[in-house]
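K.L.:
I'm passing along entry.txt; it holds compact mmCIF, C-alpha atoms and all ligand atoms.
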# COMPACT_ATOMS: atom_id res chain seq x y z
CA MET A 1 56.29 -0.98 -198.39
CA LEU A 2 57.76 -4.08 -200.08
CA VAL A 3 61.20 -4.97 -198.68
CA LEU A 4 63.68 -7.47 -200.07
CA GLY A 5 65.70 -9.00 -197.21
CA LEU A 6 69.15 -10.56 -197.66
CA GLU A 7 70.92 -12.61 -194.97
CA THR A 8 74.55 -13.74 -195.49
CA SER A 9 76.21 -13.46 -192.06
CA CYS A 10 77.40 -17.06 -191.84
CA ASP A 11 76.61 -20.29 -193.68
CA GLU A 12 73.06 -19.68 -194.90
CA THR A 13 71.98 -17.54 -197.84
CA GLY A 14 68.52 -16.26 -196.87
CA VAL A 15 66.30 -14.13 -199.10
CA ALA A 16 62.73 -12.96 -198.42
CA LEU A 17 60.09 -10.46 -199.48
CA TYR A 18 58.16 -8.78 -196.65
CA ASP A 19 55.37 -6.30 -197.24
CA SER A 20 54.37 -3.92 -194.44
CA GLU A 21 50.68 -4.32 -195.37
CA ARG A 22 50.47 -7.91 -196.57
CA GLY A 23 53.11 -9.56 -194.37
CA LEU A 24 55.65 -12.15 -195.52
CA LEU A 25 55.19 -12.89 -199.25
CA ALA A 26 58.06 -15.30 -199.94
CA ASP A 27 61.11 -16.74 -198.25
CA ALA A 28 63.94 -18.90 -199.61
CA LEU A 29 67.07 -20.32 -198.05
CA PHE A 30 70.16 -22.13 -199.20
CA SER A 31 72.00 -23.86 -196.37
CA GLN A 32 75.73 -24.51 -196.85
CA ILE A 33 75.82 -27.22 -194.17
CA ASP A 34 76.88 -29.94 -196.64
CA LEU A 35 79.68 -27.72 -197.92
CA HIS A 36 81.20 -27.17 -194.47
CA ARG A 37 80.44 -30.55 -192.90
CA ALA A 38 83.65 -32.17 -194.21
CA TYR A 39 85.64 -29.54 -192.24
CA GLY A 40 83.62 -29.89 -189.01
CA GLY A 41 82.68 -26.19 -189.03
CA VAL A 42 82.22 -23.13 -191.23
CA VAL A 43 85.13 -22.26 -193.57
CA PRO A 44 84.71 -18.48 -194.08
CA GLU A 45 86.18 -18.26 -197.59
CA LEU A 46 84.00 -21.11 -198.87
CA ALA A 47 80.98 -19.45 -197.26
CA SER A 48 81.60 -16.11 -199.03
CA ARG A 49 82.06 -17.74 -202.43
CA ASP A 50 78.91 -19.79 -202.07
CA HIS A 51 76.83 -16.72 -201.08
CA VAL A 52 77.96 -15.12 -204.36
CA LYS A 53 76.67 -18.12 -206.31
CA ARG A 54 73.31 -18.39 -204.53
CA MET A 55 72.20 -14.79 -204.11
CA LEU A 56 70.75 -13.80 -207.49
CA PRO A 57 68.98 -17.15 -208.17
CA LEU A 58 67.35 -16.93 -204.72
CA ILE A 59 66.22 -13.34 -205.38
CA ARG A 60 64.64 -14.47 -208.67
CA GLN A 61 63.01 -17.38 -206.82
CA VAL A 62 61.31 -15.21 -204.16
CA LEU A 63 60.12 -12.73 -206.81
CA ASP A 64 58.53 -15.62 -208.73
CA GLU A 65 57.00 -17.13 -205.59
CA ALA A 66 55.50 -13.79 -204.57
CA GLY A 67 54.30 -13.03 -208.12
CA CYS A 68 56.30 -9.79 -208.05
CA VAL A 69 58.78 -8.10 -210.37
CA ALA A 70 61.92 -6.17 -209.43
CA THR A 71 60.23 -2.79 -209.92
CA ASP A 72 57.69 -3.67 -207.16
CA ILE A 73 60.47 -3.64 -204.53
CA ASP A 74 60.56 -0.42 -202.46
CA ALA A 75 63.72 -1.04 -200.42
CA ILE A 76 66.43 -3.61 -199.59
CA ALA A 77 67.47 -4.77 -196.12
CA TYR A 78 70.71 -6.71 -195.64
CA THR A 79 72.59 -8.10 -192.67
CA ALA A 80 75.42 -5.65 -191.92
CA GLY A 81 76.80 -7.55 -188.88
CA PRO A 82 77.77 -9.19 -186.65
CA GLY A 83 79.13 -12.18 -188.58
CA LEU A 84 81.87 -13.29 -190.96
CA VAL A 85 83.19 -10.21 -192.75
CA GLY A 86 83.57 -11.83 -196.17
CA ALA A 87 80.12 -13.36 -196.02
CA LEU A 88 78.56 -10.08 -194.82
CA LEU A 89 80.27 -8.17 -197.64
CA VAL A 90 78.58 -10.36 -200.25
CA GLY A 91 75.10 -9.46 -198.97
CA ALA A 92 76.00 -5.80 -198.41
CA SER A 93 77.55 -5.36 -201.89
CA CYS A 94 74.67 -7.11 -203.58
CA ALA A 95 72.09 -5.05 -201.67
CA GLN A 96 73.84 -1.74 -202.33
CA ALA A 97 74.38 -2.53 -206.03
CA LEU A 98 70.72 -3.45 -206.56
CA ALA A 99 69.53 -0.46 -204.53
CA PHE A 100 71.70 1.84 -206.68
CA ALA A 101 70.52 0.22 -209.93
CA TRP A 102 66.84 0.31 -208.90
CA ASP A 103 67.14 3.74 -207.25
CA ILE A 104 65.64 2.60 -203.94
CA PRO A 105 66.97 2.84 -200.35
CA ALA A 106 69.00 0.12 -198.62
CA ILE A 107 69.36 -0.50 -194.90
CA GLY A 108 71.94 -2.53 -192.95
CA VAL A 109 70.30 -4.70 -190.29
CA HIS A 110 71.83 -6.04 -187.07
CA HIS A 111 71.68 -9.85 -187.30
CA MET A 112 70.68 -10.30 -183.64
CA GLU A 113 67.95 -7.66 -183.92
CA GLY A 114 66.69 -9.75 -186.83
CA HIS A 115 66.60 -12.85 -184.61
CA LEU A 116 65.04 -10.88 -181.75
CA LEU A 117 62.16 -9.64 -183.93
CA ALA A 118 61.56 -12.94 -185.80
CA PRO A 119 58.73 -13.98 -183.40
CA MET A 120 56.87 -10.86 -184.65
CA LEU A 121 56.27 -12.79 -187.91
CA GLU A 122 54.13 -15.37 -186.05
CA PRO A 123 50.32 -15.23 -185.66
CA THR A 124 50.56 -14.32 -181.94
CA PRO A 125 53.44 -11.84 -181.72
CA PRO A 126 54.85 -10.59 -178.40
CA THR A 127 54.21 -7.01 -177.28
CA PHE A 128 56.79 -4.69 -175.70
CA PRO A 129 58.20 -4.70 -173.07
CA PHE A 130 59.66 -8.19 -172.73
CA VAL A 131 62.81 -10.04 -171.76
CA ALA A 132 64.59 -11.71 -174.68
CA LEU A 133 66.90 -14.69 -174.49
CA LEU A 134 69.09 -14.64 -177.60
CA VAL A 135 70.74 -18.01 -178.11
CA SER A 136 72.61 -18.54 -181.37
CA GLY A 137 75.92 -19.93 -182.55
CA GLY A 138 77.69 -16.69 -181.68
CA HIS A 139 75.61 -15.11 -178.89
CA THR A 140 73.98 -15.91 -175.56
CA GLN A 141 72.39 -12.79 -174.16
CA LEU A 142 69.54 -11.76 -171.90
CA VAL A 143 68.14 -8.42 -172.99
CA ARG A 144 65.38 -6.18 -171.67
CA VAL A 145 63.46 -4.95 -174.73
CA ASP A 146 61.24 -1.87 -174.40
CA GLY A 147 60.83 -1.30 -178.14
CA ILE A 148 62.77 -1.62 -181.38
CA GLY A 149 66.28 -0.33 -180.67
CA GLN A 150 65.59 -0.03 -176.94
CA TYR A 151 67.82 -2.78 -175.67
CA GLN A 152 69.34 -3.15 -172.22
CA LEU A 153 71.83 -5.99 -171.86
CA LEU A 154 71.07 -7.88 -168.63
CA GLY A 155 73.59 -10.70 -168.97
CA GLU A 156 75.63 -12.66 -171.48
CA SER A 157 77.99 -15.58 -171.86
CA LEU A 158 81.51 -14.99 -170.59
CA ASP A 159 82.88 -17.66 -172.94
CA ASP A 160 81.11 -20.00 -175.40
CA ALA A 161 77.67 -19.12 -176.73
CA ALA A 162 74.96 -21.74 -176.14
CA GLY A 163 74.93 -22.85 -179.79
CA GLU A 164 78.72 -22.92 -179.82
CA ALA A 165 78.64 -25.16 -176.72
CA PHE A 166 76.25 -27.54 -178.53
CA ASP A 167 78.46 -27.52 -181.64
CA LYS A 168 81.79 -27.99 -179.83
CA THR A 169 80.42 -30.66 -177.49
CA ALA A 170 78.95 -32.56 -180.43
CA LYS A 171 82.30 -32.41 -182.23
CA LEU A 172 84.12 -33.77 -179.15
CA MET A 173 81.63 -36.66 -179.12
CA GLY A 174 82.27 -37.42 -182.78
CA LEU A 175 78.93 -36.03 -184.03
CA ARG A 176 78.29 -34.14 -187.26
CA TYR A 177 78.21 -30.36 -187.74
CA PRO A 178 76.06 -28.50 -186.71
CA GLY A 179 75.92 -30.16 -183.33
CA GLY A 180 72.77 -28.59 -181.86
CA PRO A 181 70.23 -30.61 -183.84
CA GLU A 182 72.43 -33.75 -183.52
CA ILE A 183 72.57 -33.54 -179.72
CA ALA A 184 68.84 -32.76 -179.56
CA ARG A 185 68.08 -35.83 -181.70
CA LEU A 186 70.24 -38.14 -179.53
CA ALA A 187 68.91 -36.64 -176.28
CA GLU A 188 65.35 -37.65 -177.18
CA LEU A 189 66.34 -41.29 -176.65
CA GLY A 190 68.56 -40.69 -173.60
CA ILE A 191 67.81 -42.18 -170.18
CA PRO A 192 67.17 -39.34 -167.70
CA GLY A 193 69.17 -39.38 -164.49
CA ARG A 194 72.00 -41.66 -165.58
CA PHE A 195 74.34 -38.66 -165.68
CA VAL A 196 73.79 -35.30 -164.03
CA PHE A 197 75.98 -32.39 -165.15
CA PRO A 198 76.60 -29.06 -163.36
CA ARG A 199 74.41 -25.98 -164.01
CA PRO A 200 77.21 -23.40 -164.41
CA MET A 201 76.96 -20.06 -162.57
CA THR A 202 73.48 -20.72 -161.19
CA ASP A 203 74.74 -20.83 -157.59
CA ARG A 204 75.73 -17.16 -157.60
CA PRO A 205 73.72 -14.02 -158.30
CA GLY A 206 73.71 -12.35 -161.71
CA LEU A 207 72.57 -13.08 -165.22
CA ASP A 208 75.81 -14.04 -166.96
CA PHE A 209 76.51 -17.48 -168.38
CA SER A 210 79.52 -19.73 -168.87
CA PHE A 211 79.32 -22.88 -170.98
CA SER A 212 82.92 -23.83 -171.70
CA GLY A 213 83.34 -25.86 -168.48
CA LEU A 214 80.24 -27.88 -169.31
CA LYS A 215 81.78 -28.82 -172.64
CA THR A 216 84.87 -30.20 -170.84
CA PHE A 217 82.70 -31.99 -168.27
CA THR A 218 80.78 -33.66 -171.10
CA LEU A 219 83.98 -34.71 -172.87
CA ASN A 220 85.39 -36.21 -169.65
CA THR A 221 82.18 -38.18 -169.04
CA TRP A 222 82.13 -39.46 -172.62
CA GLN A 223 85.83 -40.45 -172.40
CA GLN A 224 85.16 -42.31 -169.12
CA CYS A 225 82.41 -44.23 -170.92
CA GLN A 226 84.80 -45.07 -173.75
CA ASN A 227 87.67 -46.04 -171.41
CA SER A 228 85.39 -48.42 -169.50
CA GLY A 229 84.42 -50.05 -172.79
CA ASP A 230 80.90 -48.58 -172.74
CA ASP A 231 80.83 -46.39 -175.85
CA SER A 232 77.45 -47.75 -176.95
CA GLU A 233 74.91 -45.61 -178.80
CA GLN A 234 72.79 -45.61 -175.62
CA SER A 235 75.64 -44.10 -173.60
CA ARG A 236 76.09 -41.43 -176.25
CA ARG A 237 72.37 -40.62 -175.98
CA ASP A 238 72.55 -40.49 -172.18
CA VAL A 239 75.54 -38.12 -172.25
CA ALA A 240 73.82 -35.94 -174.89
CA LEU A 241 70.68 -35.78 -172.73
CA ALA A 242 72.63 -34.85 -169.59
CA PHE A 243 74.41 -32.06 -171.51
CA GLN A 244 71.18 -30.72 -173.04
CA GLN A 245 69.38 -30.82 -169.68
CA ALA A 246 72.22 -28.87 -168.06
CA VAL A 247 72.09 -26.16 -170.76
CA VAL A 248 68.30 -25.99 -170.73
CA GLU A 249 68.01 -25.80 -166.94
CA THR A 250 70.78 -23.19 -166.72
CA LEU A 251 69.06 -21.02 -169.34
CA THR A 252 65.70 -21.50 -167.61
CA ILE A 253 67.05 -20.49 -164.18
CA LYS A 254 68.61 -17.32 -165.64
CA CYS A 255 65.46 -16.44 -167.61
CA ARG A 256 63.32 -16.78 -164.48
CA ARG A 257 65.80 -14.55 -162.63
CA ALA A 258 65.69 -11.95 -165.43
CA LEU A 259 61.87 -11.88 -165.40
CA LYS A 260 61.82 -11.48 -161.62
CA GLN A 261 64.50 -8.75 -161.73
CA THR A 262 62.67 -6.73 -164.39
CA GLY A 263 59.16 -7.41 -163.07
CA LEU A 264 58.10 -8.57 -166.55
CA ASN A 265 56.34 -11.84 -167.37
CA SER A 266 56.76 -11.95 -171.12
CA LEU A 267 59.76 -13.84 -172.53
CA VAL A 268 60.97 -14.05 -176.13
CA ILE A 269 63.49 -16.69 -177.19
CA ALA A 270 65.30 -16.29 -180.49
CA GLY A 271 68.31 -17.59 -182.42
CA GLY A 272 69.19 -21.12 -183.57
CA VAL A 273 69.06 -22.75 -180.11
CA SER A 274 65.48 -21.50 -179.61
CA ALA A 275 64.50 -24.25 -182.07
CA ASN A 276 65.38 -26.74 -179.31
CA ARG A 277 62.19 -28.44 -178.17
CA ALA A 278 63.38 -29.25 -174.64
CA LEU A 279 64.29 -25.58 -174.15
CA ARG A 280 60.88 -24.41 -175.37
CA THR A 281 59.04 -26.82 -173.07
CA SER A 282 61.14 -25.87 -170.06
CA LEU A 283 60.60 -22.13 -170.65
CA GLU A 284 56.89 -22.65 -171.25
CA ASP A 285 56.58 -24.42 -167.88
CA MET A 286 58.63 -21.73 -166.13
CA THR A 287 56.68 -18.77 -167.58
CA ALA A 288 53.33 -20.52 -166.98
CA ALA A 289 54.25 -20.77 -163.28
CA LEU A 290 54.82 -16.98 -163.32
CA LYS A 291 51.49 -16.48 -165.16
CA GLY A 292 53.46 -15.24 -168.13
CA ASN A 293 54.11 -16.28 -171.71
CA VAL A 294 56.99 -17.35 -173.88
CA PHE A 295 57.15 -16.41 -177.58
CA TYR A 296 59.30 -17.92 -180.30
CA ALA A 297 59.45 -18.16 -184.06
CA ARG A 298 58.67 -21.26 -186.16
CA PRO A 299 61.82 -23.47 -186.30
CA ALA A 300 62.85 -22.26 -189.78
CA PHE A 301 62.87 -18.67 -188.49
CA CYS A 302 64.84 -19.54 -185.31
CA THR A 303 67.94 -20.32 -187.36
CA ASP A 304 69.30 -17.81 -189.90
CA ASN A 305 66.83 -16.66 -192.56
CA GLY A 306 66.03 -13.73 -194.83
CA ALA A 307 62.52 -13.12 -193.43
CA MET A 308 63.77 -11.74 -190.11
CA ILE A 309 66.12 -9.33 -191.92
CA ALA A 310 63.35 -8.14 -194.26
CA TYR A 311 61.03 -7.62 -191.25
CA ALA A 312 63.56 -5.81 -189.04
CA GLY A 313 64.75 -3.67 -191.98
CA CYS A 314 61.18 -2.78 -192.87
CA GLN A 315 60.47 -1.44 -189.35
CA ARG A 316 63.54 0.83 -189.51
CA LEU A 317 62.83 1.94 -193.09
CA LEU A 318 59.25 2.86 -192.13
CA ALA A 319 60.75 5.04 -189.39
CA GLY A 320 62.79 6.87 -192.06
CA GLN A 321 66.17 5.21 -191.57
CA HIS A 322 68.43 4.08 -194.45
CA GLU A 323 72.14 3.88 -195.35
CA ASP A 324 74.21 6.02 -197.70
CA LEU A 325 75.96 4.27 -200.60
CA ALA A 326 79.06 3.17 -198.64
CA ILE A 327 79.40 -0.59 -198.20
CA THR A 328 80.24 -1.12 -194.53
CA VAL A 329 79.84 -4.25 -192.43
CA GLN A 330 80.80 -5.01 -188.82
CA ALA A 331 82.13 -8.36 -187.58
CA ARG A 332 81.42 -7.22 -184.00
CA TRP A 333 78.58 -4.88 -183.22
CA PRO A 334 76.96 -4.48 -179.77
CA MET A 335 73.17 -4.37 -180.20
CA GLU A 336 72.81 -1.60 -177.59
CA GLN A 337 74.49 0.76 -180.10
CA LEU A 338 71.44 0.64 -182.36
CA PRO A 339 69.30 3.76 -182.48
CA ALA A 340 65.81 3.55 -180.95
CA LEU A 341 62.86 3.95 -183.29
O1 LIG B 401 71.01 -18.39 -185.22
P1 LIG B 401 71.80 -19.42 -185.91
O2 LIG B 401 71.20 -20.12 -187.11
O3 LIG B 401 73.16 -18.83 -186.41
C1 LIG B 401 73.87 -17.87 -185.69
O4 LIG B 401 73.48 -16.68 -185.72
O5 LIG B 401 74.82 -18.31 -185.01
O6 LIG B 401 72.21 -20.47 -184.82
C2 LIG B 401 72.95 -21.61 -185.14
C3 LIG B 401 73.17 -22.39 -183.86
C4 LIG B 401 74.14 -23.54 -184.05
O7 LIG B 401 75.08 -23.48 -182.99
C5 LIG B 401 73.26 -24.76 -183.95
O8 LIG B 401 73.92 -25.90 -183.44
C6 LIG B 401 72.17 -24.30 -183.01
O9 LIG B 401 71.93 -22.96 -183.40
N1 LIG B 401 70.93 -25.07 -183.12
C7 LIG B 401 70.43 -25.82 -182.13
C8 LIG B 401 69.27 -26.45 -182.64
N2 LIG B 401 69.10 -26.04 -183.93
C9 LIG B 401 70.13 -25.19 -184.21
N3 LIG B 401 70.85 -26.02 -180.87
C10 LIG B 401 70.14 -26.86 -180.08
N4 LIG B 401 69.02 -27.51 -180.49
C11 LIG B 401 68.55 -27.33 -181.75
N5 LIG B 401 67.45 -27.98 -182.14
ZN ZN B 402 71.88 -16.21 -186.51
Please go through the file and, once you have read it, give me the structure as structure tokens.
P.N.:
Amino acid sequence: MLVLGLETSCDETGVALYDSERGLLADALFSQIDLHRAYGGVVPELASRDHVKRMLPLIRQVLDEAGCVATDIDAIAYTAGPGLVGALLVGASCAQALAFAWDIPAIGVHHMEGHLLAPMLEPTPPTFPFVALLVSGGHTQLVRVDGIGQYQLLGESLDDAAGEAFDKTAKLMGLRYPGGPEIARLAELGIPGRFVFPRPMTDRPGLDFSFSGLKTFTLNTWQQCQNSGDDSEQSRRDVALAFQQAVVETLTIKCRRALKQTGLNSLVIAGGVSANRALRTSLEDMTAALKGNVFYARPAFCTDNGAMIAYAGCQRLLAGQHEDLAITVQARWPMEQLPAL
């Protein structure tokens, strides 16, 4: 089954062709980062309009790359939520219009299920059951995964998501949007131990997170540096490193707890923040100590992309699921509501 995947939940137009027999055939992405950077964050209306402009050229591009024609496509998968409603509607309308014109089925995919299953596109995919840490711009969740659609939420952020904490902290420190990669880049040159930040909610039981206090703590430290006349690039690096270490160690402590609680030793990390190298290394060390493994996608498939939507949609289509012709999207959509395969 050849599936065209469309991702438009936020500020990236992602398109891919995934074949159930041959694997991923082509994948293309247009990132709107330059468009939104001047505003310091995503402007929803600009995002929607840009998705409209990019979608059809990207579909033509993946067809060319894969050496396919439109009539080869068996079904279309699109992100139906969660995300920005206007942006989601562009992908959903486009998918439903093409599916109607080509007389093939369409399926709405949950964006976080797409992220969760992205490591399945790698040469050594995880096998069920596993614990998943979903860390994106909008979500921080620990989930027990027993199969596709068999999701048990173990814990989540009570305030900012991990990616959101990176982005907001970076903004407070005068860095560019998106802040995650900027902080990671600065942290590489930071001096360890100069600042040590709290590891929020690790001193009490449970698997929930809270990152908004850490953001304020980081801002206060950076302002103290500035007020004492030490706003050098090195101080900025040291503050960035202390922030990243606090997030990474907090996530690692909670992941270890989740593995112990579930008795599993296989961990999947997915979503934009799973591209963070310090996080990967820390989770590799932690799972190795438990004689387990950590799985993640290549960096381009950690952040938003069409391949994960094509893959997740394909699994559900193969199980016989598809949508009717109505164009419906959901800004908020708990993943536990998805049907099991
Ligand atoms: O999954 P994603 O592309 O979009 C959402 O579904 O939200 O995640 C984007 C988030 C942003 O907050 C971005 O700052 C963060 O992922 N991110 C990173 C890194 N690369 C992207 N955070 C930390 N380190 C990175 N290397
Ligand atoms: Zn995402």
K.L.:
To check your reading of the model: which residues sit at most 8 Å from ligand ZN 402 (chain B) when counting only C-alpha atoms and all ligand atoms? Write the answer as a PDB file with C-alpha atoms, in the coordinates of the input.
P.N.:
ATOM      1  CA  SER A   9      76.210 -13.460-192.060  1.00  0.00           C
ATOM      2  CA  CYS A  10      77.400 -17.060-191.840  1.00  0.00           C
ATOM      3  CA  HIS A 111      71.680  -9.850-187.300  1.00  0.00           C
ATOM      4  CA  MET A 112      70.680 -10.300-183.640  1.00  0.00           C
ATOM      5  CA  HIS A 115      66.600 -12.850-184.610  1.00  0.00           C
ATOM      6  CA  SER A 136      72.610 -18.540-181.370  1.00  0.00           C
ATOM      7  CA  GLY A 137      75.920 -19.930-182.550  1.00  0.00           C
ATOM      8  CA  GLY A 138      77.690 -16.690-181.680  1.00  0.00           C
ATOM      9  CA  GLY A 271      68.310 -17.590-182.420  1.00  0.00           C
ATOM     10  CA  GLY A 272      69.190 -21.120-183.570  1.00  0.00           C
ATOM     11  CA  CYS A 302      64.840 -19.540-185.310  1.00  0.00           C
ATOM     12  CA  THR A 303      67.940 -20.320-187.360  1.00  0.00           C
ATOM     13  CA  ASP A 304      69.300 -17.810-189.900  1.00  0.00           C
ATOM     14  CA  ASN A 305      66.830 -16.660-192.560  1.00  0.00           C
TER      15      ASN A 305
END
K.L.:
For Gly149 (chain A), which residue among A:Gly174, A:Gly306, A:Pro192, A:Gly114 is the nearest when counting all atoms listed in the file?
P.N.:
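The closest residue to Gly149 (chain A) is A:Gly114.
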K.L.:
Tell me, as JSON, numbers by chain, which residues lie within 7 Å of region 181-190 of chain A, counting only C-alpha atoms; anything in the same chain fewer than 4 positions away does not count.
P.N.:
{"A": [170, 175, 176, 234, 237, 238, 240, 241, 276]}
K.L.:
Counting only C-alpha atoms and all ligand atoms, figure out which residue out of A:Leu153, A:Ala275, A:Ile33, A:Ala99 gets nearest to ligand LIG 401 (chain B).
P.N.:
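When distances to ligand LIG 401 (chain B) are compared using only C-alpha atoms and all ligand atoms, the smallest one comes from A:Ala275.
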K.L.:
Between CA of His322 (chain A) and CA of Ser48 (chain A), what is the distance in Å, rounded to a tenth?
P.N.:
24.5 Å
K.L.:
Could you tell me how far CA of Asp203 (chain A) sits from CA of Gln244 (chain A), in Å to one decimal place?
P.N.:
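Computing the Euclidean distance for CA of Gln244 (chain A) and CA of Asp203 (chain A) yields 18.7 Å.
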K.L.:
Pick the closest to ligand LIG 401 (chain B) from A:Glu284, A:Glu113, A:Asp72, A:Glu336: which is it, counting all atoms listed in the file?
P.N.:
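When distances to ligand LIG 401 (chain B) are compared using all atoms listed in the file, the smallest one comes from A:Glu113.
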K.L.:
What is the distance, in Å and to one decimal place, between CA of Asp159 (chain A) and CA of Phe128 (chain A)?
P.N.:
29.3 Å
K.L.:
Around (61.0, -1.9, -186.9) in the file's own coordinates, what residues are found within 10 Å if you use all atoms listed in the file, given back as an MDAnalysis selection string?
P.N.:
chainID A and resid 113:114 117 147:149 310:319 321 340:341
K.L.:
Those residues you just picked out, can you put them in a file as a PDB file, in the coordinates of the input with C-alpha atoms?
P.N.:
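Result file part.pdb:
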ATOM      1  CA  GLU A 113      67.950  -7.660-183.920  1.00  0.00           C
ATOM      2  CA  GLY A 114      66.690  -9.750-186.830  1.00  0.00           C
ATOM      3  CA  LEU A 117      62.160  -9.640-183.930  1.00  0.00           C
ATOM      4  CA  GLY A 147      60.830  -1.300-178.140  1.00  0.00           C
ATOM      5  CA  ILE A 148      62.770  -1.620-181.380  1.00  0.00           C
ATOM      6  CA  GLY A 149      66.280  -0.330-180.670  1.00  0.00           C
ATOM      7  CA  ALA A 310      63.350  -8.140-194.260  1.00  0.00           C
ATOM      8  CA  TYR A 311      61.030  -7.620-191.250  1.00  0.00           C
ATOM      9  CA  ALA A 312      63.560  -5.810-189.040  1.00  0.00           C
ATOM     10  CA  GLY A 313      64.750  -3.670-191.980  1.00  0.00           C
ATOM     11  CA  CYS A 314      61.180  -2.780-192.870  1.00  0.00           C
ATOM     12  CA  GLN A 315      60.470  -1.440-189.350  1.00  0.00           C
ATOM     13  CA  ARG A 316      63.540   0.830-189.510  1.00  0.00           C
ATOM     14  CA  LEU A 317      62.830   1.940-193.090  1.00  0.00           C
ATOM     15  CA  LEU A 318      59.250   2.860-192.130  1.00  0.00           C
ATOM     16  CA  ALA A 319      60.750   5.040-189.390  1.00  0.00           C
ATOM     17  CA  GLN A 321      66.170   5.210-191.570  1.00  0.00           C
ATOM     18  CA  ALA A 340      65.810   3.550-180.950  1.00  0.00           C
ATOM     19  CA  LEU A 341      62.860   3.950-183.290  1.00  0.00           C
TER      20      LEU A 341
END
K.L.:
Could you check the closest approach to Asp167 (chain A) for each of A:Val273, A:Ile59, A:Ala38, A:Phe100 and tell me which residue wins, using all atoms listed in the file?
P.N.:
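With all atoms listed in the file as the atom set, the closest residue is A:Val273.
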K.L.:
Need to verify the contact set: Gly155 (chain A), 10 Å, only C-alpha atoms, exclusion of same-chain residues closer than 3 positions in sequence. Can you return it as a PyMOL selection string?
P.N.:
chain A and resi 133+140-144+152+158+206-209+254+258
K.L.:
When distances are computed from all atoms listed in the file, which of A:Ala87, A:Leu58, A:Ala92, A:Ala246 shows the smallest separation from Val42 (chain A)?
P.N.:
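Closest to Val42 (chain A) of all the choices is A:Ala87.
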K.L.:
Which residues are near Gly41 (chain A)? Cut-off 10 Å, all atoms listed in the file, ignore same chain within fewer than 2 positions. Put them as a ChimeraX atom specification.
P.N.:
/A:11,33,35-39,43-44,167-168,171,176-179
K.L.:
When you count all atoms listed in the file, which of these residues is closest to ligand LIG 401 (chain B): A:Arg298, A:His51, A:Arg22, A:Arg199?
P.N.:
A:Arg298
K.L.:
Could you work out an axis-aligned bounding box for all listed atoms of ligand LIG 401 (chain B), with 4 Å added on each of the six sides, and give its centre and edge lengths in Å to one decimal, as AutoDock Vina command-line options?
P.N.:
--center_x 71.3 --center_y -22.3 --center_z -183.6 --size_x 15.6 --size_y 19.3 --size_z 15.0
